[in-house]
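Working notes, beginning with the structure itself.
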Amino acid sequence: MRISRRTLGAAAAGLALVLSLGACSAEGGAAGEDATIEVDFGYIPDFNGTSLLAIAEDQGLWAEHGIDATASSFTNGPLQIQALGTGDLDFGYIGPGAFWLPASGQAKVVALNTLGRADRVVAQPGIDSVEDLRGRTVAVPEGTSGDMILTLALQEAGMTKEDVELVPMEPPAIVAALSSGQVDAAGFWYPALATVKKQVPDLVELARNTDFEETVAFPTAFVAGNDVVADDPEKVDAVLEVLREAIAYRAEHMDEAIALTAEFNDLPEADVEADAANVQVLDADEIDALTQDGTTDTWLTGMQDYFVGAGQLPEAVDPGEFYLGDQFVKAGE
């Protein structure tokens, strides 16, 4: 299930390819005087999914909070939710398209991250509208924000997925299929679309997140396994403290956050900068305020309404059942 493992910090004895992210022992803090909190953390190698982990590594935040964390790279959020369920991960990162999974009880959202604006419905040159997709091949990574943006665009055009020839694909396959003209269109996202545009410079953008933001928000978030939340609240609190500090640093040091993310993922800095341009960064105080004034509940309710309509979620639930907003706010006190 794991795609690759990124290692941060001192080497773990006996595992040549797995390094530690953080300190080998805690110096006070949430872990206690001598204990170390072991954390397996999933991420997606883009700005949204990686920037906080890159900052935590660079700023020594894991060690400061007595955490020994190992980070593993995934191609999407649903795979991380699966890994949380099997205990292979403690925490992970998801985009908006995967929020139906915690809403259905499969994980808990422990921290909101950013508002994503990177999703697009794109098509080959000569296809000028969503209506023109009728009967054509459309690739999508199922259960992701690419799936979500496609569904919303089709709905606005009075269409459904039944009106197109849907081709479920993983993100790397979509890049290749769009670049070679093997599919007519896709529900997909940046920065991967920047790679496609190098091969298809006239790629047509038919829909984007901002077309729908008045009714549906596209938040990204960090999630935890249900067992971790239930059985190890100290671990959750310690990780939330790290995330809050990294969120605050990112809001004040975007240039550095971009550079650190590029280094972490071994990507050109220009590509990460372009990716970050499609992100609305939130600082910790903003997330606190949005949580306390009910805005996040409105977002999560609207998203659930979408997922119910799309057939991914049987019914909407109180956002408090899967978003630990109060715990996130308390971690900053």
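Starting from 1 in every chain, residues are counted up; chains themselves are A, B, ... following the order of the structure tokens, and ligands are numbered from 1 as listed.
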#### Entry: Distance query Val167 (chain A) at most 9 Å, only C-alpha atoms, self and fewer than 5 positions along chain excluded, as JSON, numbers by chain
{"A": [137, 138, 139, 140, 141, 183, 186]}
Give the alpha helix (DSSP H) residues of region 17-165 of chain A, as assigned by DSSP on the backbone, as a PDB file with C-alpha atoms, in the first residue's frame.
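The new file selection_22.pdb reads:
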```
ATOM      1  CA  PHE A  47       2.604  21.639  -1.514  1.00  0.00           C
ATOM      2  CA  ASN A  48      -0.634  20.946   0.369  1.00  0.00           C
ATOM      3  CA  GLY A  49       0.376  17.460   1.418  1.00  0.00           C
ATOM      4  CA  THR A  50       4.010  18.028   2.278  1.00  0.00           C
ATOM      5  CA  SER A  51       4.749  21.613   3.309  1.00  0.00           C
ATOM      6  CA  LEU A  52       3.991  21.150   7.012  1.00  0.00           C
ATOM      7  CA  LEU A  53       6.080  17.977   7.240  1.00  0.00           C
ATOM      8  CA  ALA A  54       8.966  19.724   5.480  1.00  0.00           C
ATOM      9  CA  ILE A  55       8.735  22.639   7.904  1.00  0.00           C
ATOM     10  CA  ALA A  56       8.516  20.332  10.926  1.00  0.00           C
ATOM     11  CA  GLU A  57      11.692  18.588   9.809  1.00  0.00           C
ATOM     12  CA  ASP A  58      13.602  21.772   9.076  1.00  0.00           C
ATOM     13  CA  LEU A  61       9.466  20.576  15.673  1.00  0.00           C
ATOM     14  CA  TRP A  62       9.182  16.793  15.959  1.00  0.00           C
ATOM     15  CA  ALA A  63      12.146  16.631  18.329  1.00  0.00           C
ATOM     16  CA  GLU A  64      10.843  19.604  20.299  1.00  0.00           C
ATOM     17  CA  GLY A  77      -5.972  10.253   0.224  1.00  0.00           C
ATOM     18  CA  PRO A  78      -8.144   7.116   0.023  1.00  0.00           C
ATOM     19  CA  LEU A  79      -5.046   4.898   0.132  1.00  0.00           C
ATOM     20  CA  GLN A  80      -3.988   6.655   3.328  1.00  0.00           C
ATOM     21  CA  ILE A  81      -7.418   6.141   4.879  1.00  0.00           C
ATOM     22  CA  GLN A  82      -7.022   2.438   4.149  1.00  0.00           C
ATOM     23  CA  ALA A  83      -3.591   2.477   5.796  1.00  0.00           C
ATOM     24  CA  LEU A  84      -5.031   4.232   8.836  1.00  0.00           C
ATOM     25  CA  GLY A  85      -7.643   1.494   9.110  1.00  0.00           C
ATOM     26  CA  THR A  86      -5.047  -1.273   9.019  1.00  0.00           C
ATOM     27  CA  TRP A 100     -16.469  11.345   2.506  1.00  0.00           C
ATOM     28  CA  LEU A 101     -14.270   8.687   4.090  1.00  0.00           C
ATOM     29  CA  PRO A 102     -13.956  10.323   7.541  1.00  0.00           C
ATOM     30  CA  ALA A 103     -17.591  11.443   7.209  1.00  0.00           C
ATOM     31  CA  SER A 145     -10.884  15.985  -5.675  1.00  0.00           C
ATOM     32  CA  GLY A 146     -10.494  15.305  -9.401  1.00  0.00           C
ATOM     33  CA  ASP A 147     -13.576  13.102  -9.191  1.00  0.00           C
ATOM     34  CA  MET A 148     -15.328  15.833  -7.218  1.00  0.00           C
ATOM     35  CA  ILE A 149     -14.600  18.665  -9.680  1.00  0.00           C
ATOM     36  CA  LEU A 150     -15.714  16.489 -12.598  1.00  0.00           C
ATOM     37  CA  THR A 151     -19.000  15.591 -10.901  1.00  0.00           C
ATOM     38  CA  LEU A 152     -19.730  19.231 -10.064  1.00  0.00           C
ATOM     39  CA  ALA A 153     -18.938  20.370 -13.605  1.00  0.00           C
ATOM     40  CA  LEU A 154     -21.167  17.706 -15.119  1.00  0.00           C
ATOM     41  CA  GLN A 155     -24.000  18.596 -12.754  1.00  0.00           C
ATOM     42  CA  GLU A 156     -23.768  22.271 -13.690  1.00  0.00           C
TER      43      GLU A 156
END
```
### Task
Please identify all polymer residues within 8 Å of region 219-234 of chain A, counting only C-alpha atoms, omitting same-chain residues fewer than 5 positions from it, and present them as a PyMOL selection string.
chain A and resi 30-31+48+81+84-85+87+89-96+106-116
### Task
Looking only at strand (DSSP E) from DSSP on the backbone, list the matching residues of region 116-176 of chain A as a ChimeraX atom specification.
/A:116,119-123,137-140,165-168
May I have the selected residues written with C-alpha atoms, as a PDB file, in the first residue's frame?
```
ATOM      1  CA  GLY A 116      -7.452  23.826  -2.512  1.00  0.00           C
ATOM      2  CA  ASP A 119      -8.476  21.032  -9.412  1.00  0.00           C
ATOM      3  CA  ARG A 120      -9.569  21.278 -13.021  1.00  0.00           C
ATOM      4  CA  VAL A 121     -11.633  19.556 -15.656  1.00  0.00           C
ATOM      5  CA  VAL A 122      -9.350  19.627 -18.680  1.00  0.00           C
ATOM      6  CA  ALA A 123      -9.785  18.468 -22.265  1.00  0.00           C
ATOM      7  CA  THR A 137     -13.433   9.303 -22.626  1.00  0.00           C
ATOM      8  CA  VAL A 138     -12.821  11.116 -19.337  1.00  0.00           C
ATOM      9  CA  ALA A 139     -10.127   9.902 -16.937  1.00  0.00           C
ATOM     10  CA  VAL A 140     -10.439  10.460 -13.194  1.00  0.00           C
ATOM     11  CA  GLU A 165     -17.141   7.227 -20.908  1.00  0.00           C
ATOM     12  CA  LEU A 166     -15.511   7.306 -17.475  1.00  0.00           C
ATOM     13  CA  VAL A 167     -12.012   5.807 -17.227  1.00  0.00           C
ATOM     14  CA  PRO A 168     -10.790   5.324 -13.614  1.00  0.00           C
TER      15      PRO A 168
END
```
### Task
Mind giving me the straight-line distance from CA of Val39 (chain A) to CA of Val239 (chain A) in Å, one decimal?
8.6 Å
### Residue neighbourhood Pro314 (chain A), 12 Å, only C-alpha atoms, exclusion window fewer than 5 positions, as a ChimeraX atom specification
/A:100-101,103-105,304-309
Write the residues of the selection above to a file with C-alpha atoms, as a PDB file, in the first residue's frame.
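Done, and the output landed in again-v2.pdb:
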```
ATOM      1  CA  TRP A 100     -16.469  11.345   2.506  1.00  0.00           C
ATOM      2  CA  LEU A 101     -14.270   8.687   4.090  1.00  0.00           C
ATOM      3  CA  ALA A 103     -17.591  11.443   7.209  1.00  0.00           C
ATOM      4  CA  SER A 104     -18.499   7.757   6.832  1.00  0.00           C
ATOM      5  CA  GLY A 105     -16.625   6.920  10.036  1.00  0.00           C
ATOM      6  CA  GLN A 304     -21.397  15.912   2.736  1.00  0.00           C
ATOM      7  CA  ASP A 305     -24.429  17.074   0.761  1.00  0.00           C
ATOM      8  CA  TYR A 306     -22.309  16.750  -2.378  1.00  0.00           C
ATOM      9  CA  PHE A 307     -21.106  13.260  -1.414  1.00  0.00           C
ATOM     10  CA  VAL A 308     -24.646  12.110  -0.632  1.00  0.00           C
ATOM     11  CA  GLY A 309     -25.803  13.374  -4.023  1.00  0.00           C
TER      12      GLY A 309
END
```
### Task
Go ahead and compute the interatomic distance for CA of Met303 (chain A) and CA of Phe99 (chain A), in Å to one decimal.
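Interatomic distance, CA of Met303 (chain A) to CA of Phe99 (chain A): 7.7 Å.
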Please list as a PDB file with C-alpha atoms, in the first residue's frame every residue within 10 Å of Asp326 (chain A), counting only C-alpha atoms and excluding residues in the same chain fewer than 3 positions away.
```pdb
ATOM      1  CA  VAL A 110      -7.748  16.319  13.240  1.00  0.00           C
ATOM      2  CA  ALA A 111      -6.709  19.542  11.495  1.00  0.00           C
ATOM      3  CA  ASP A 288      -9.499  28.461  15.110  1.00  0.00           C
ATOM      4  CA  THR A 291     -13.978  26.392  13.645  1.00  0.00           C
ATOM      5  CA  GLN A 292     -15.447  28.385  16.504  1.00  0.00           C
ATOM      6  CA  GLY A 320     -18.472  17.092  15.092  1.00  0.00           C
ATOM      7  CA  TYR A 323     -13.835  16.760  12.773  1.00  0.00           C
ATOM      8  CA  VAL A 329      -8.174  24.754  19.029  1.00  0.00           C
ATOM      9  CA  LYS A 330      -7.283  23.487  22.503  1.00  0.00           C
ATOM     10  CA  ALA A 331      -3.824  22.439  21.274  1.00  0.00           C
TER      11      ALA A 331
END
```
### Task
Can you pull out every residue within 12 Å of Asp255 (chain A), counting only C-alpha atoms, but drop anything in the same chain fewer than 2 positions away, and send it as a list in words?
Phe47, Ser51, Ile55, Tyr249, Arg250, Ala251, Glu252, His253, Ala257, Ile258, Ala259, Leu260, Thr261, Ala262, Glu269, Ala270, Val272, Glu273, Ala274, Ala276 and Ala277 of chain A
Export, as a PDB file, in the first residue's frame, the selected residues with N, CA and C atoms.
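Generated file (result-v4.pdb):
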```pdb
ATOM      1  N   PHE A  47       2.475  20.592  -2.524  1.00  0.00           N
ATOM      2  CA  PHE A  47       2.604  21.639  -1.514  1.00  0.00           C
ATOM      3  C   PHE A  47       1.626  21.433  -0.371  1.00  0.00           C
ATOM      4  N   SER A  51       4.080  20.416   2.784  1.00  0.00           N
ATOM      5  CA  SER A  51       4.749  21.613   3.309  1.00  0.00           C
ATOM      6  C   SER A  51       4.902  21.597   4.828  1.00  0.00           C
ATOM      7  N   ILE A  55       8.441  21.612   6.906  1.00  0.00           N
ATOM      8  CA  ILE A  55       8.735  22.639   7.904  1.00  0.00           C
ATOM      9  C   ILE A  55       9.064  21.992   9.252  1.00  0.00           C
ATOM     10  N   TYR A 249       4.302  28.903  10.926  1.00  0.00           N
ATOM     11  CA  TYR A 249       5.539  29.210  10.199  1.00  0.00           C
ATOM     12  C   TYR A 249       5.250  29.381   8.714  1.00  0.00           C
ATOM     13  N   ARG A 250       4.461  28.484   8.147  1.00  0.00           N
ATOM     14  CA  ARG A 250       4.161  28.556   6.707  1.00  0.00           C
ATOM     15  C   ARG A 250       3.468  29.866   6.347  1.00  0.00           C
ATOM     16  N   ALA A 251       2.521  30.300   7.183  1.00  0.00           N
ATOM     17  CA  ALA A 251       1.784  31.529   6.899  1.00  0.00           C
ATOM     18  C   ALA A 251       2.709  32.744   6.873  1.00  0.00           C
ATOM     19  N   GLU A 252       3.775  32.704   7.669  1.00  0.00           N
ATOM     20  CA  GLU A 252       4.695  33.834   7.764  1.00  0.00           C
ATOM     21  C   GLU A 252       5.896  33.714   6.833  1.00  0.00           C
ATOM     22  N   HIS A 253       6.147  32.515   6.309  1.00  0.00           N
ATOM     23  CA  HIS A 253       7.364  32.280   5.522  1.00  0.00           C
ATOM     24  C   HIS A 253       7.044  31.423   4.292  1.00  0.00           C
ATOM     25  N   ALA A 257       8.735  27.994   2.877  1.00  0.00           N
ATOM     26  CA  ALA A 257       7.916  26.778   2.837  1.00  0.00           C
ATOM     27  C   ALA A 257       7.967  26.133   1.463  1.00  0.00           C
ATOM     28  N   ILE A 258       7.938  26.945   0.414  1.00  0.00           N
ATOM     29  CA  ILE A 258       8.027  26.414  -0.946  1.00  0.00           C
ATOM     30  C   ILE A 258       9.377  25.749  -1.172  1.00  0.00           C
ATOM     31  N   ALA A 259      10.446  26.412  -0.737  1.00  0.00           N
ATOM     32  CA  ALA A 259      11.786  25.860  -0.925  1.00  0.00           C
ATOM     33  C   ALA A 259      11.954  24.554  -0.150  1.00  0.00           C
ATOM     34  N   LEU A 260      11.458  24.517   1.075  1.00  0.00           N
ATOM     35  CA  LEU A 260      11.575  23.295   1.885  1.00  0.00           C
ATOM     36  C   LEU A 260      10.770  22.146   1.294  1.00  0.00           C
ATOM     37  N   THR A 261       9.583  22.468   0.765  1.00  0.00           N
ATOM     38  CA  THR A 261       8.758  21.429   0.140  1.00  0.00           C
ATOM     39  C   THR A 261       9.444  20.870  -1.094  1.00  0.00           C
ATOM     40  N   ALA A 262      10.047  21.746  -1.887  1.00  0.00           N
ATOM     41  CA  ALA A 262      10.772  21.301  -3.090  1.00  0.00           C
ATOM     42  C   ALA A 262      11.918  20.375  -2.707  1.00  0.00           C
ATOM     43  N   GLU A 269      11.972  23.877  -7.611  1.00  0.00           N
ATOM     44  CA  GLU A 269      11.293  24.870  -6.792  1.00  0.00           C
ATOM     45  C   GLU A 269      10.230  25.627  -7.585  1.00  0.00           C
ATOM     46  N   ALA A 270      10.491  25.851  -8.872  1.00  0.00           N
ATOM     47  CA  ALA A 270       9.512  26.563  -9.704  1.00  0.00           C
ATOM     48  C   ALA A 270       8.203  25.783  -9.801  1.00  0.00           C
ATOM     49  N   VAL A 272       6.961  23.726  -7.493  1.00  0.00           N
ATOM     50  CA  VAL A 272       6.267  23.833  -6.206  1.00  0.00           C
ATOM     51  C   VAL A 272       5.658  25.226  -6.045  1.00  0.00           C
ATOM     52  N   GLU A 273       6.370  26.241  -6.525  1.00  0.00           N
ATOM     53  CA  GLU A 273       5.826  27.598  -6.462  1.00  0.00           C
ATOM     54  C   GLU A 273       4.541  27.710  -7.278  1.00  0.00           C
ATOM     55  N   ALA A 274       4.525  27.082  -8.449  1.00  0.00           N
ATOM     56  CA  ALA A 274       3.317  27.084  -9.275  1.00  0.00           C
ATOM     57  C   ALA A 274       2.189  26.331  -8.592  1.00  0.00           C
ATOM     58  N   ALA A 276       1.814  25.993  -5.290  1.00  0.00           N
ATOM     59  CA  ALA A 276       1.364  26.799  -4.157  1.00  0.00           C
ATOM     60  C   ALA A 276       0.491  27.967  -4.594  1.00  0.00           C
ATOM     61  N   ALA A 277       0.635  28.403  -5.835  1.00  0.00           N
ATOM     62  CA  ALA A 277      -0.187  29.501  -6.340  1.00  0.00           C
ATOM     63  C   ALA A 277      -1.658  29.108  -6.438  1.00  0.00           C
TER      64      ALA A 277
END
```
### Query
Which is closest to Glu162 (chain A) among A:Gly97, A:Gly187, A:Gly143, A:Gly135, if we use only C-alpha atoms?
A:Gly135
### Residue with smallest distance to Met254 (chain A) - pool A:Leu290, A:Ala71, A:Leu282, A:Ala176, counting only C-alpha atoms
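Closest candidate: A:Leu282.
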### Query
With only C-alpha atoms as the basis for distance, which of A:Ala173, A:Leu324, A:Met159, A:Leu313 is at the shortest distance from Ala98 (chain A)?
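Of A:Ala173, A:Leu324, A:Met159, A:Leu313, the one nearest Ala98 (chain A), counting only C-alpha atoms, is A:Leu313.
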#### Entry: Nearest residue to Ile37 (chain A) from the set A:Lys235, A:Lys197, A:Arg244, A:Arg136 (distances using only C-alpha atoms)
A:Lys235
### Task
Can you work out the spacing between CA of Ala192 (chain A) and CA of Thr75 (chain A) in Å, to one decimal?
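If I compute the distance from CA of Ala192 (chain A) to CA of Thr75 (chain A), I get 11.5 Å.
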### Selection near Thr301 (chain A), 8 Å with only C-alpha atoms, sequence-local residues under 5 positions removed, as an MDAnalysis selection string
chainID A and resid 316:319
Go ahead and save the residues from that selection, with C-alpha atoms, as a PDB file, in the first residue's frame.
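Full text of again.pdb as output:
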```pdb
ATOM      1  CA  ALA A 316     -24.815  13.414   6.235  1.00  0.00           C
ATOM      2  CA  VAL A 317     -23.788  13.436   9.894  1.00  0.00           C
ATOM      3  CA  ASP A 318     -22.926  16.158  12.394  1.00  0.00           C
ATOM      4  CA  PRO A 319     -19.426  17.375  11.432  1.00  0.00           C
TER       5      PRO A 319
END
```
